[in-house]
$ cat data-v9.cif   # mmCIF, C-alpha atoms (C1' of nucleotides)
data_query
#
loop_
_atom_site.label_atom_id
_atom_site.label_comp_id
_atom_site.auth_asym_id
_atom_site.auth_seq_id
_atom_site.Cartn_x
_atom_site.Cartn_y
_atom_site.Cartn_z
CA MET L 148 -5.53 -7.11 14.08
CA ILE L 149 -4.05 -4.52 11.76
CA ASP L 150 -3.03 -1.00 12.67
CA ALA L 151 -5.68 0.96 10.75
CA GLN L 152 -3.99 4.30 11.36
CA GLU L 153 -0.71 3.08 9.92
CA LYS L 154 -2.58 1.55 6.98
CA LEU L 155 -4.44 4.79 6.28
CA SER L 156 -1.21 6.80 6.24
CA SER L 157 0.42 4.31 3.94
CA MET L 158 -2.56 4.33 1.57
CA ALA L 159 -2.62 8.12 1.50
CA LEU L 160 1.09 8.37 0.75
CA THR L 161 0.77 5.78 -2.01
CA VAL L 162 -2.15 7.66 -3.55
CA PHE L 163 -0.13 10.89 -3.44
CA ALA L 164 2.72 9.12 -5.20
CA LEU L 165 0.39 7.58 -7.80
CA ASN L 166 -1.16 10.99 -8.39
CA GLY L 167 2.29 12.36 -9.18
CA LEU L 168 3.13 9.45 -11.46
CA PHE L 169 -0.11 9.63 -13.48
CA LEU L 170 0.28 13.40 -13.70
CA THR L 171 3.82 13.03 -15.01
CA VAL L 172 2.62 10.59 -17.65
CA ALA L 173 -0.32 12.80 -18.65
CA GLU L 174 1.92 15.84 -18.88
CA GLY L 175 4.38 13.92 -21.02
CA LEU L 176 1.60 12.92 -23.40
CA ALA L 177 -0.11 16.31 -23.52
CA VAL L 178 2.78 18.72 -23.89
CA PRO L 179 3.96 17.52 -27.34
CA ALA L 180 0.40 18.19 -28.56
CA GLY L 181 0.48 21.77 -27.28
CA LEU L 182 -1.63 20.99 -24.20
CA THR L 183 -1.07 20.46 -20.48
CA ALA L 184 -2.53 17.62 -18.41
CA THR L 185 -5.24 19.93 -17.11
CA ARG L 186 -6.20 21.33 -20.53
CA TRP L 187 -6.32 17.83 -21.95
CA GLN L 188 -8.70 16.83 -19.17
CA VAL L 189 -11.02 19.80 -19.75
CA LEU L 190 -10.97 19.36 -23.51
CA GLY L 191 -11.63 15.66 -23.08
CA ALA L 192 -14.68 16.39 -20.94
CA VAL L 193 -16.52 18.09 -23.81
CA LEU L 194 -15.65 15.64 -26.58
CA ARG L 195 -18.99 13.83 -26.51
CA GLU L 196 -21.23 16.82 -25.89
CA PRO L 197 -20.94 20.53 -25.09
CA LEU L 198 -21.08 21.32 -21.38
CA THR L 199 -21.04 24.43 -19.19
CA GLN L 200 -18.17 25.30 -16.85
CA ALA L 201 -20.12 24.11 -13.84
CA GLU L 202 -21.05 20.80 -15.44
CA ILE L 203 -17.43 20.10 -16.36
CA ALA L 204 -16.35 20.96 -12.83
CA ARG L 205 -18.86 18.57 -11.27
CA ARG L 206 -17.81 15.71 -13.54
CA MET L 207 -14.12 16.27 -12.84
CA GLY L 208 -14.64 16.76 -9.15
CA ILE L 209 -12.89 20.14 -9.11
CA THR L 210 -14.16 23.69 -8.68
CA ARG L 211 -15.95 25.81 -11.27
CA GLN L 212 -13.27 28.43 -10.83
CA SER L 213 -10.46 26.09 -11.79
CA VAL L 214 -12.35 24.97 -14.87
CA GLN L 215 -13.00 28.56 -15.82
CA ARG L 216 -9.37 29.56 -15.91
CA THR L 217 -8.39 26.52 -17.93
CA ALA L 218 -11.35 26.97 -20.30
CA ASN L 219 -10.45 30.61 -20.86
CA GLN L 220 -6.89 29.67 -21.71
CA LEU L 221 -8.10 27.01 -24.15
CA ALA L 222 -10.44 29.58 -25.70
CA GLU L 223 -7.58 32.08 -26.04
CA ASP L 224 -5.60 29.39 -27.81
CA GLY L 225 -8.52 28.78 -30.15
CA MET L 226 -9.06 25.20 -28.98
CA LEU L 227 -12.37 25.71 -27.24
CA ALA L 228 -15.42 27.60 -28.51
CA MET L 229 -18.27 29.12 -26.50
CA ILE L 230 -21.67 28.52 -28.00
CA PRO L 231 -24.96 29.97 -26.78
CA ASN L 232 -26.92 27.88 -24.32
CA PRO L 233 -30.64 27.74 -25.21
CA SER L 234 -31.60 27.13 -21.60
CA HIS L 235 -29.34 29.65 -19.90
CA ARG L 236 -28.39 33.06 -21.28
CA LYS L 237 -25.28 33.49 -19.08
CA ALA L 238 -23.96 29.91 -18.93
CA MET L 239 -22.41 29.34 -22.37
CA LEU L 240 -21.74 25.81 -23.61
CA LEU L 241 -18.13 24.83 -24.29
CA GLN L 242 -17.10 22.66 -27.20
CA PRO L 243 -13.75 21.89 -28.85
CA THR L 244 -12.80 23.66 -32.07
CA GLU L 245 -11.20 21.79 -34.96
CA LYS L 246 -7.83 22.85 -33.54
CA GLY L 247 -8.82 21.42 -30.19
CA LEU L 248 -9.87 18.15 -31.76
CA ALA L 249 -6.60 18.00 -33.66
CA ALA L 250 -4.67 18.29 -30.37
CA ILE L 251 -6.69 15.42 -28.88
CA ARG L 252 -6.07 13.32 -31.98
CA ALA L 253 -2.34 14.04 -31.71
CA ILE L 254 -2.27 12.59 -28.21
CA HIS L 255 -4.21 9.45 -29.04
CA PRO L 256 -1.44 7.19 -30.40
CA GLN L 257 0.97 7.94 -27.54
CA HIS L 258 -1.83 7.45 -25.05
CA ALA L 259 -2.64 4.05 -26.52
CA ALA L 260 1.05 3.17 -26.50
CA PHE L 261 1.42 3.87 -22.79
CA ALA L 262 -1.78 2.00 -22.03
CA GLY L 263 -0.31 -0.95 -23.88
CA ARG L 264 2.89 -0.78 -21.85
CA LEU L 265 0.90 -0.74 -18.61
CA LYS L 266 -1.15 -3.71 -19.77
CA THR L 267 2.04 -5.58 -20.63
CA GLU L 268 3.53 -4.73 -17.23
CA LEU L 269 0.44 -5.78 -15.26
CA GLY L 270 -1.29 -8.34 -17.39
CA GLU L 271 -4.89 -7.92 -18.39
CA GLU L 272 -6.42 -9.66 -15.38
CA ARG L 273 -4.38 -7.66 -12.88
CA MET L 274 -5.07 -4.39 -14.66
CA VAL L 275 -8.80 -4.95 -14.31
CA ARG L 276 -8.43 -6.01 -10.69
CA LEU L 277 -6.37 -2.98 -9.72
CA SER L 278 -8.72 -0.64 -11.55
CA ASP L 279 -11.65 -2.15 -9.68
CA ALA L 280 -9.77 -1.76 -6.40
CA LEU L 281 -9.30 1.95 -7.06
CA THR L 282 -12.99 2.34 -7.78
CA GLU L 283 -13.86 0.46 -4.61
CA LEU L 284 -11.63 2.66 -2.50
CA ARG L 285 -13.00 5.79 -4.10
CA SER L 286 -16.50 4.69 -3.33
CA ALA L 287 -15.64 4.08 0.33
CA MET L 288 -13.89 7.44 0.64
CA ASP L 289 -16.84 9.15 -1.02
CA HIS L 290 -19.05 7.80 1.74
CA LEU L 291 -16.74 9.17 4.43
CA VAL L 292 -15.97 12.54 2.84
CA PRO L 293 -19.18 14.41 2.02
CA ALA L 294 -18.93 16.60 -1.07
CA GLU L 295 -18.88 20.36 -0.59
CA ALA L 296 -22.12 22.17 -1.28
CA ASP L 297 -20.54 25.09 -3.19
CA MET R 220 -10.08 -8.23 -24.60
CA ILE R 221 -10.30 -5.02 -22.59
CA ASP R 222 -9.75 -1.48 -23.88
CA ALA R 223 -6.47 -0.69 -22.13
CA GLN R 224 -6.59 2.97 -23.13
CA GLU R 225 -10.03 3.45 -21.62
CA LYS R 226 -8.92 1.57 -18.51
CA LEU R 227 -5.84 3.75 -18.12
CA SER R 228 -7.91 6.93 -18.35
CA SER R 229 -10.38 5.65 -15.84
CA MET R 230 -7.63 4.63 -13.42
CA ALA R 231 -5.95 8.01 -13.75
CA LEU R 232 -9.19 9.89 -13.12
CA THR R 233 -9.93 7.73 -10.09
CA VAL R 234 -6.45 8.33 -8.69
CA PHE R 235 -6.89 12.09 -9.19
CA ALA R 236 -10.19 11.90 -7.33
CA LEU R 237 -8.67 9.81 -4.52
CA ASN R 238 -5.82 12.27 -4.25
CA GLY R 239 -8.33 15.06 -3.70
CA LEU R 240 -10.27 13.04 -1.14
CA PHE R 241 -7.22 12.05 0.92
CA LEU R 242 -5.96 15.62 0.73
CA THR R 243 -9.29 16.94 2.00
CA VAL R 244 -9.17 14.51 4.92
CA ALA R 245 -5.55 15.35 5.74
CA GLU R 246 -6.27 19.06 5.62
CA GLY R 247 -9.27 18.59 7.86
CA LEU R 248 -7.12 16.76 10.41
CA ALA R 249 -4.12 19.10 10.22
CA VAL R 250 -5.74 22.54 10.28
CA PRO R 251 -7.21 22.31 13.80
CA ALA R 252 -3.67 21.53 15.03
CA GLY R 253 -2.27 24.66 13.36
CA LEU R 254 -0.75 22.75 10.44
CA THR R 255 -1.58 22.14 6.79
CA ALA R 256 -1.51 18.76 5.06
CA THR R 257 1.88 19.55 3.57
CA ARG R 258 3.42 20.75 6.83
CA TRP R 259 2.09 17.69 8.63
CA GLN R 260 3.74 15.52 5.98
CA VAL R 261 7.12 17.25 6.29
CA LEU R 262 7.00 17.27 10.08
CA GLY R 263 6.00 13.60 10.03
CA ALA R 264 8.99 12.76 7.89
CA VAL R 265 11.47 13.79 10.59
CA LEU R 266 9.73 12.24 13.60
CA ARG R 267 11.97 9.19 13.74
CA GLU R 268 15.25 10.86 12.86
CA PRO R 269 16.54 14.23 11.67
CA LEU R 270 16.91 14.51 7.89
CA THR R 271 18.14 17.09 5.41
CA GLN R 272 15.84 18.86 2.94
CA ALA R 273 17.01 16.68 0.10
CA GLU R 274 16.48 13.46 2.06
CA ILE R 275 12.93 14.44 3.00
CA ALA R 276 12.20 15.32 -0.63
CA ARG R 277 13.43 11.95 -1.87
CA ARG R 278 11.34 10.05 0.67
CA MET R 279 8.21 12.05 -0.13
CA GLY R 280 8.79 11.90 -3.87
CA ILE R 281 8.64 15.68 -4.28
CA THR R 282 11.28 18.28 -5.08
CA ARG R 283 13.89 19.70 -2.74
CA GLN R 284 12.53 23.15 -3.49
CA SER R 285 9.04 22.33 -2.28
CA VAL R 286 10.39 20.85 0.93
CA GLN R 287 12.55 23.89 1.47
CA ARG R 288 9.66 26.34 1.41
CA THR R 289 7.55 24.23 3.73
CA ALA R 290 10.48 23.62 6.09
CA ASN R 291 11.24 27.34 6.23
CA GLN R 292 7.61 28.08 7.13
CA LEU R 293 7.67 25.43 9.86
CA ALA R 294 10.91 26.91 11.18
CA GLU R 295 9.38 30.39 11.21
CA ASP R 296 6.50 29.01 13.22
CA GLY R 297 8.94 27.45 15.66
CA MET R 298 7.89 23.90 14.87
CA LEU R 299 11.07 22.76 13.15
CA ALA R 300 14.65 23.28 14.26
CA MET R 301 17.82 23.22 12.16
CA ILE R 302 20.68 21.37 13.76
CA PRO R 303 24.25 21.12 12.46
CA ASN R 304 25.04 18.16 10.24
CA PRO R 305 28.34 16.51 11.21
CA SER R 306 28.86 15.22 7.68
CA HIS R 307 27.86 18.31 5.70
CA ARG R 308 28.49 21.89 6.74
CA LYS R 309 25.81 23.43 4.51
CA ALA R 310 23.10 20.77 4.68
CA MET R 311 21.54 21.25 8.12
CA LEU R 312 19.48 18.47 9.67
CA LEU R 313 15.82 19.21 10.40
CA GLN R 314 14.02 17.99 13.50
CA PRO R 315 10.72 18.89 15.19
CA THR R 316 10.72 21.21 18.21
CA GLU R 317 8.55 20.49 21.24
CA LYS R 318 5.90 22.75 19.65
CA GLY R 319 6.08 20.70 16.47
CA LEU R 320 5.72 17.46 18.39
CA ALA R 321 2.74 18.91 20.24
CA ALA R 322 1.02 19.65 16.92
CA ILE R 323 1.59 16.09 15.76
CA ARG R 324 0.24 14.75 19.04
CA ALA R 325 -2.85 16.95 18.66
CA ILE R 326 -3.65 15.33 15.32
CA HIS R 327 -3.21 11.77 16.51
CA PRO R 328 -6.65 11.04 18.05
CA GLN R 329 -8.60 12.45 15.08
CA HIS R 330 -6.31 10.55 12.73
CA ALA R 331 -7.00 7.31 14.57
CA ALA R 332 -10.72 8.07 14.54
CA PHE R 333 -10.84 8.50 10.76
CA ALA R 334 -8.76 5.36 10.27
CA GLY R 335 -11.31 3.52 12.39
CA ARG R 336 -14.18 4.82 10.27
CA LEU R 337 -12.44 3.68 7.10
CA LYS R 338 -11.83 0.26 8.59
CA THR R 339 -15.48 0.03 9.58
CA GLU R 340 -16.55 1.08 6.06
CA LEU R 341 -14.26 -1.38 4.29
CA GLY R 342 -13.75 -4.19 6.73
CA GLU R 343 -10.28 -5.28 7.74
CA GLU R 344 -9.74 -7.81 4.97
CA ARG R 345 -10.77 -5.40 2.23
CA MET R 346 -8.71 -2.56 3.67
CA VAL R 347 -5.58 -4.71 3.48
CA ARG R 348 -6.46 -5.89 -0.02
CA LEU R 349 -7.03 -2.36 -1.35
CA SER R 350 -3.87 -1.07 0.29
CA ASP R 351 -1.92 -3.89 -1.35
CA ALA R 352 -3.52 -3.07 -4.71
CA LEU R 353 -2.34 0.54 -4.43
CA THR R 354 1.17 -0.62 -3.67
CA GLU R 355 1.09 -3.02 -6.61
CA LEU R 356 -0.04 -0.30 -8.98
CA ARG R 357 2.57 2.08 -7.70
CA SER R 358 5.25 -0.47 -8.27
CA ALA R 359 4.12 -1.03 -11.86
CA MET R 360 3.97 2.69 -12.57
CA ASP R 361 7.39 3.15 -11.03
CA HIS R 362 8.75 0.71 -13.58
CA LEU R 363 7.19 2.66 -16.44
CA VAL R 364 7.95 6.18 -15.24
CA PRO R 365 11.67 6.63 -14.58
CA ALA R 366 12.44 9.06 -11.76
CA GLU R 367 13.88 12.45 -12.66
CA ALA R 368 17.61 12.87 -12.17
CA ASP R 369 17.38 16.38 -10.57
"C1'" DC H 196 46.11 16.64 -4.19
"C1'" DT H 197 43.52 18.31 -7.84
"C1'" DC H 198 39.76 19.05 -10.69
"C1'" DG H 199 35.46 17.88 -12.76
"C1'" DA H 200 30.92 15.74 -11.36
"C1'" DA H 201 27.32 15.32 -8.25
"C1'" DT H 202 24.74 16.96 -4.34
"C1'" DT H 203 22.69 20.48 -1.64
"C1'" DG H 204 20.46 24.78 -0.45
"C1'" DA H 205 18.61 29.02 -2.09
"C1'" DC H 206 15.82 32.15 -4.88
"C1'" DA H 207 12.65 33.33 -8.70
"C1'" DG H 208 8.73 32.49 -11.38
"C1'" DC H 209 4.93 29.56 -13.35
"C1'" DA H 210 0.70 26.13 -13.21
"C1'" DC H 211 -3.20 24.91 -11.17
"C1'" DG H 212 -5.62 23.40 -7.16
"C1'" DC H 213 -8.40 25.92 -3.46
"C1'" DT H 214 -11.62 29.47 -0.84
"C1'" DA H 215 -14.11 33.85 -0.59
"C1'" DA H 216 -17.07 37.08 -2.33
"C1'" DC H 217 -20.07 39.32 -5.76
"C1'" DA H 218 -23.56 40.10 -9.63
"C1'" DA H 219 -26.47 37.95 -13.11
"C1'" DA H 220 -29.61 34.46 -14.31
"C1'" DT H 221 -32.78 30.83 -13.27
"C1'" DC H 222 -35.81 28.08 -10.40
"C1'" DG H 223 -39.45 27.22 -6.97
"C1'" DT H 224 -42.98 28.51 -3.90
"C1'" DC H 225 -46.49 31.27 -2.73
"C1'" DG B 106 -46.37 37.57 -11.18
"C1'" DA B 107 -43.22 38.32 -7.02
"C1'" DC B 108 -39.52 37.11 -4.31
"C1'" DG B 109 -36.20 34.36 -1.81
"C1'" DA B 110 -33.02 30.36 -2.80
"C1'" DT B 111 -29.99 28.27 -5.92
"C1'" DT B 112 -26.95 28.05 -9.76
"C1'" DT B 113 -23.58 30.13 -12.69
"C1'" DG B 114 -19.86 33.02 -14.12
"C1'" DT B 115 -16.32 36.24 -12.69
"C1'" DT B 116 -12.54 38.14 -10.09
"C1'" DA B 117 -9.03 38.07 -6.44
"C1'" DG B 118 -5.74 35.96 -3.61
"C1'" DC B 119 -3.39 31.91 -1.36
"C1'" DG B 120 -0.93 27.17 -1.05
"C1'" DT B 121 1.96 24.09 -2.91
"C1'" DG B 122 3.49 21.48 -6.74
"C1'" DC B 123 6.90 22.32 -10.64
"C1'" DT B 124 11.17 24.03 -13.49
"C1'" DG B 125 15.34 26.89 -14.05
"C1'" DT B 126 19.45 28.71 -12.31
"C1'" DC B 127 23.19 29.76 -9.18
"C1'" DA B 128 26.79 29.22 -5.50
"C1'" DA B 129 28.59 26.33 -1.87
"C1'" DT B 130 29.95 21.93 -0.57
"C1'" DT B 131 31.24 17.19 -0.99
"C1'" DC B 132 32.64 13.18 -3.62
"C1'" DG B 133 35.50 10.53 -6.70
"C1'" DA B 134 38.77 9.46 -10.47
"C1'" DG B 135 43.21 10.32 -11.83
#
$ encode --input "data-v9.cif" --output "structure tokens"
Amino acid sequence: MIDAQEKLSSMALTVFALNGLFLTVAEGLAVPAGLTATRWQVLGAVLREPLTQAEIARRMGITRQSVQRTANQLAEDGMLAMIPNPSHRKAMLLQPTEKGLAAIRAIHPQHAAFAGRLKTELGEERMVRLSDALTELRSAMDHLVPAEAD
Amino acid sequence: MIDAQEKLSSMALTVFALNGLFLTVAEGLAVPAGLTATRWQVLGAVLREPLTQAEIARRMGITRQSVQRTANQLAEDGMLAMIPNPSHRKAMLLQPTEKGLAAIRAIHPQHAAFAGRLKTELGEERMVRLSDALTELRSAMDHLVPAEAD
DNA sequence: CTCGAATTGACAGCACGCTAACAAATCGTC
DNA sequence: GACGATTTGTTAGCGTGCTGTCAATTCGAG
């Protein structure tokens, strides 16, 4: 019989620590390319197809308002362009500019390098297993924590 | 042969999502007791023994400055007391007041209840396995991300 | 004992998450 | 077509993480 309460606390603290570690890594990769971790994430969300603020927010699991501020900053920096949305006059579609794409490309090699180091550290089998474990835990938490309606 | 880069991104995004979920839960538990997730964490850190700001920060993996602000707020609210430190005149030790302990006690039943729900959702064996996976990943990331000197 | 290095607390300011509240646009039902 | 409900963008303000910088204190090498 385990102490579930103790286990929960320990898992939460570990997740908080991992969040900090991944954020540190992302920041370290993004900053040399003239981005931040957050801007990289937003820019990355519209690489495949243009999306609205609200769509990006839903996919990233954060609020529309947070996306908006970041998107505006990226637009000010000329990395993100607003294009008209045929199906909604007010909700413009966001897509990277050439400058934005260049920033993403600049990150790519360093990103791959760190991924390689993690794979070396963990081994391929373990990396897959741990990734699956994260997904499993997320799924369980999703069931217990209903999403906000907004 | 897996795509390590893709895997890394996916793991990072899942950790970010888990961070948000655990934070939402913690906030939901803490607020009814007159705390926030952060204040609960700081108060929880000095339950066993009084610690200085810097010691709390190291254990929580955050900066001294963040702990300081939270500790000051808890002190203003009468939940945290500063007691003299025999081995350092400037670095006072922090410990919960009776009011602080009462807040922690108020959280306890709800905390246990959520832990029970998670155990029910996952099953005991899986809960242990996922917790161990988190710890494993943290250890690997710790090796790749050297701590700041401060 | 002395003096430079390291630790600690304090204060200021920034980044980015959040909620709250509103108007504009769209959707759905009648 | 009309009208209430929903979605979207916008603005404002707060919480809490971070970095930078400084003075006070303690530690450690000589």
$ interface_residues --input "data-v9.cif" --of "chain R" --to "chain B" --cutoff "12 Å" --atoms "only C-alpha atoms (C1' of nucleotides)" --output "MDAnalysis selection string"
chainID R and resid 246 255:258 280:289 292 306:310 367 369
$ write_last_selection --input "data-v9.cif" --atoms "C-alpha atoms" --output "PDB file, keeping the file's coordinate frame"
ATOM      1  CA  GLU R 246      -6.270  19.060   5.620  1.00  0.00           C
ATOM      2  CA  THR R 255      -1.580  22.140   6.790  1.00  0.00           C
ATOM      3  CA  ALA R 256      -1.510  18.760   5.060  1.00  0.00           C
ATOM      4  CA  THR R 257       1.880  19.550   3.570  1.00  0.00           C
ATOM      5  CA  ARG R 258       3.420  20.750   6.830  1.00  0.00           C
ATOM      6  CA  GLY R 280       8.790  11.900  -3.870  1.00  0.00           C
ATOM      7  CA  ILE R 281       8.640  15.680  -4.280  1.00  0.00           C
ATOM      8  CA  THR R 282      11.280  18.280  -5.080  1.00  0.00           C
ATOM      9  CA  ARG R 283      13.890  19.700  -2.740  1.00  0.00           C
ATOM     10  CA  GLN R 284      12.530  23.150  -3.490  1.00  0.00           C
ATOM     11  CA  SER R 285       9.040  22.330  -2.280  1.00  0.00           C
ATOM     12  CA  VAL R 286      10.390  20.850   0.930  1.00  0.00           C
ATOM     13  CA  GLN R 287      12.550  23.890   1.470  1.00  0.00           C
ATOM     14  CA  ARG R 288       9.660  26.340   1.410  1.00  0.00           C
ATOM     15  CA  THR R 289       7.550  24.230   3.730  1.00  0.00           C
ATOM     16  CA  GLN R 292       7.610  28.080   7.130  1.00  0.00           C
ATOM     17  CA  SER R 306      28.860  15.220   7.680  1.00  0.00           C
ATOM     18  CA  HIS R 307      27.860  18.310   5.700  1.00  0.00           C
ATOM     19  CA  ARG R 308      28.490  21.890   6.740  1.00  0.00           C
ATOM     20  CA  LYS R 309      25.810  23.430   4.510  1.00  0.00           C
ATOM     21  CA  ALA R 310      23.100  20.770   4.680  1.00  0.00           C
ATOM     22  CA  GLU R 367      13.880  12.450 -12.660  1.00  0.00           C
ATOM     23  CA  ASP R 369      17.380  16.380 -10.570  1.00  0.00           C
TER      24      ASP R 369
END
$ resolve_selection --input "data-v9.cif" --expression "the PyMOL selection byres ((chain L) within 9 of (chain R))" --output "MDAnalysis selection string"
chainID L and resid 148:173 207:209 258:266 268:269 271 274:285 287:292
$ atom_distance --input "data-v9.cif" --atom1 "C1' of DC198 in chain H" --atom2 "CA of Arg277 in chain R"
28.7 Å
$ atom_distance --input "data-v9.cif" --atom1 "CA of Leu182 in chain L" --atom2 "CA of Ala228 in chain L"
15.9 Å
$ atom_distance --input "data-v9.cif" --atom1 "CA of Glu223 in chain L" --atom2 "C1' of DC217 in chain H"
24.9 Å
$ resolve_selection --input "data-v9.cif" --expression "the PyMOL selection byres ((chain H) within 10 of (chain L))" --output "PyMOL selection string"
chain H and resi 210-213+219-221
$ closest_residue --input "data-v9.cif" --among "R:Ile326, R:Ile302, R:Ala276, R:Ala290" --to "DT203 in chain H" --atoms "only C-alpha atoms (C1' of nucleotides)"
R:Ala276
$ resolve_selection --input "data-v9.cif" --expression "the PyMOL selection byres ((chain L and resi 244) around 7)" --output "JSON, numbers by chain"
{"L": [225, 226, 227, 228, 242, 243, 245, 246, 247, 248]}
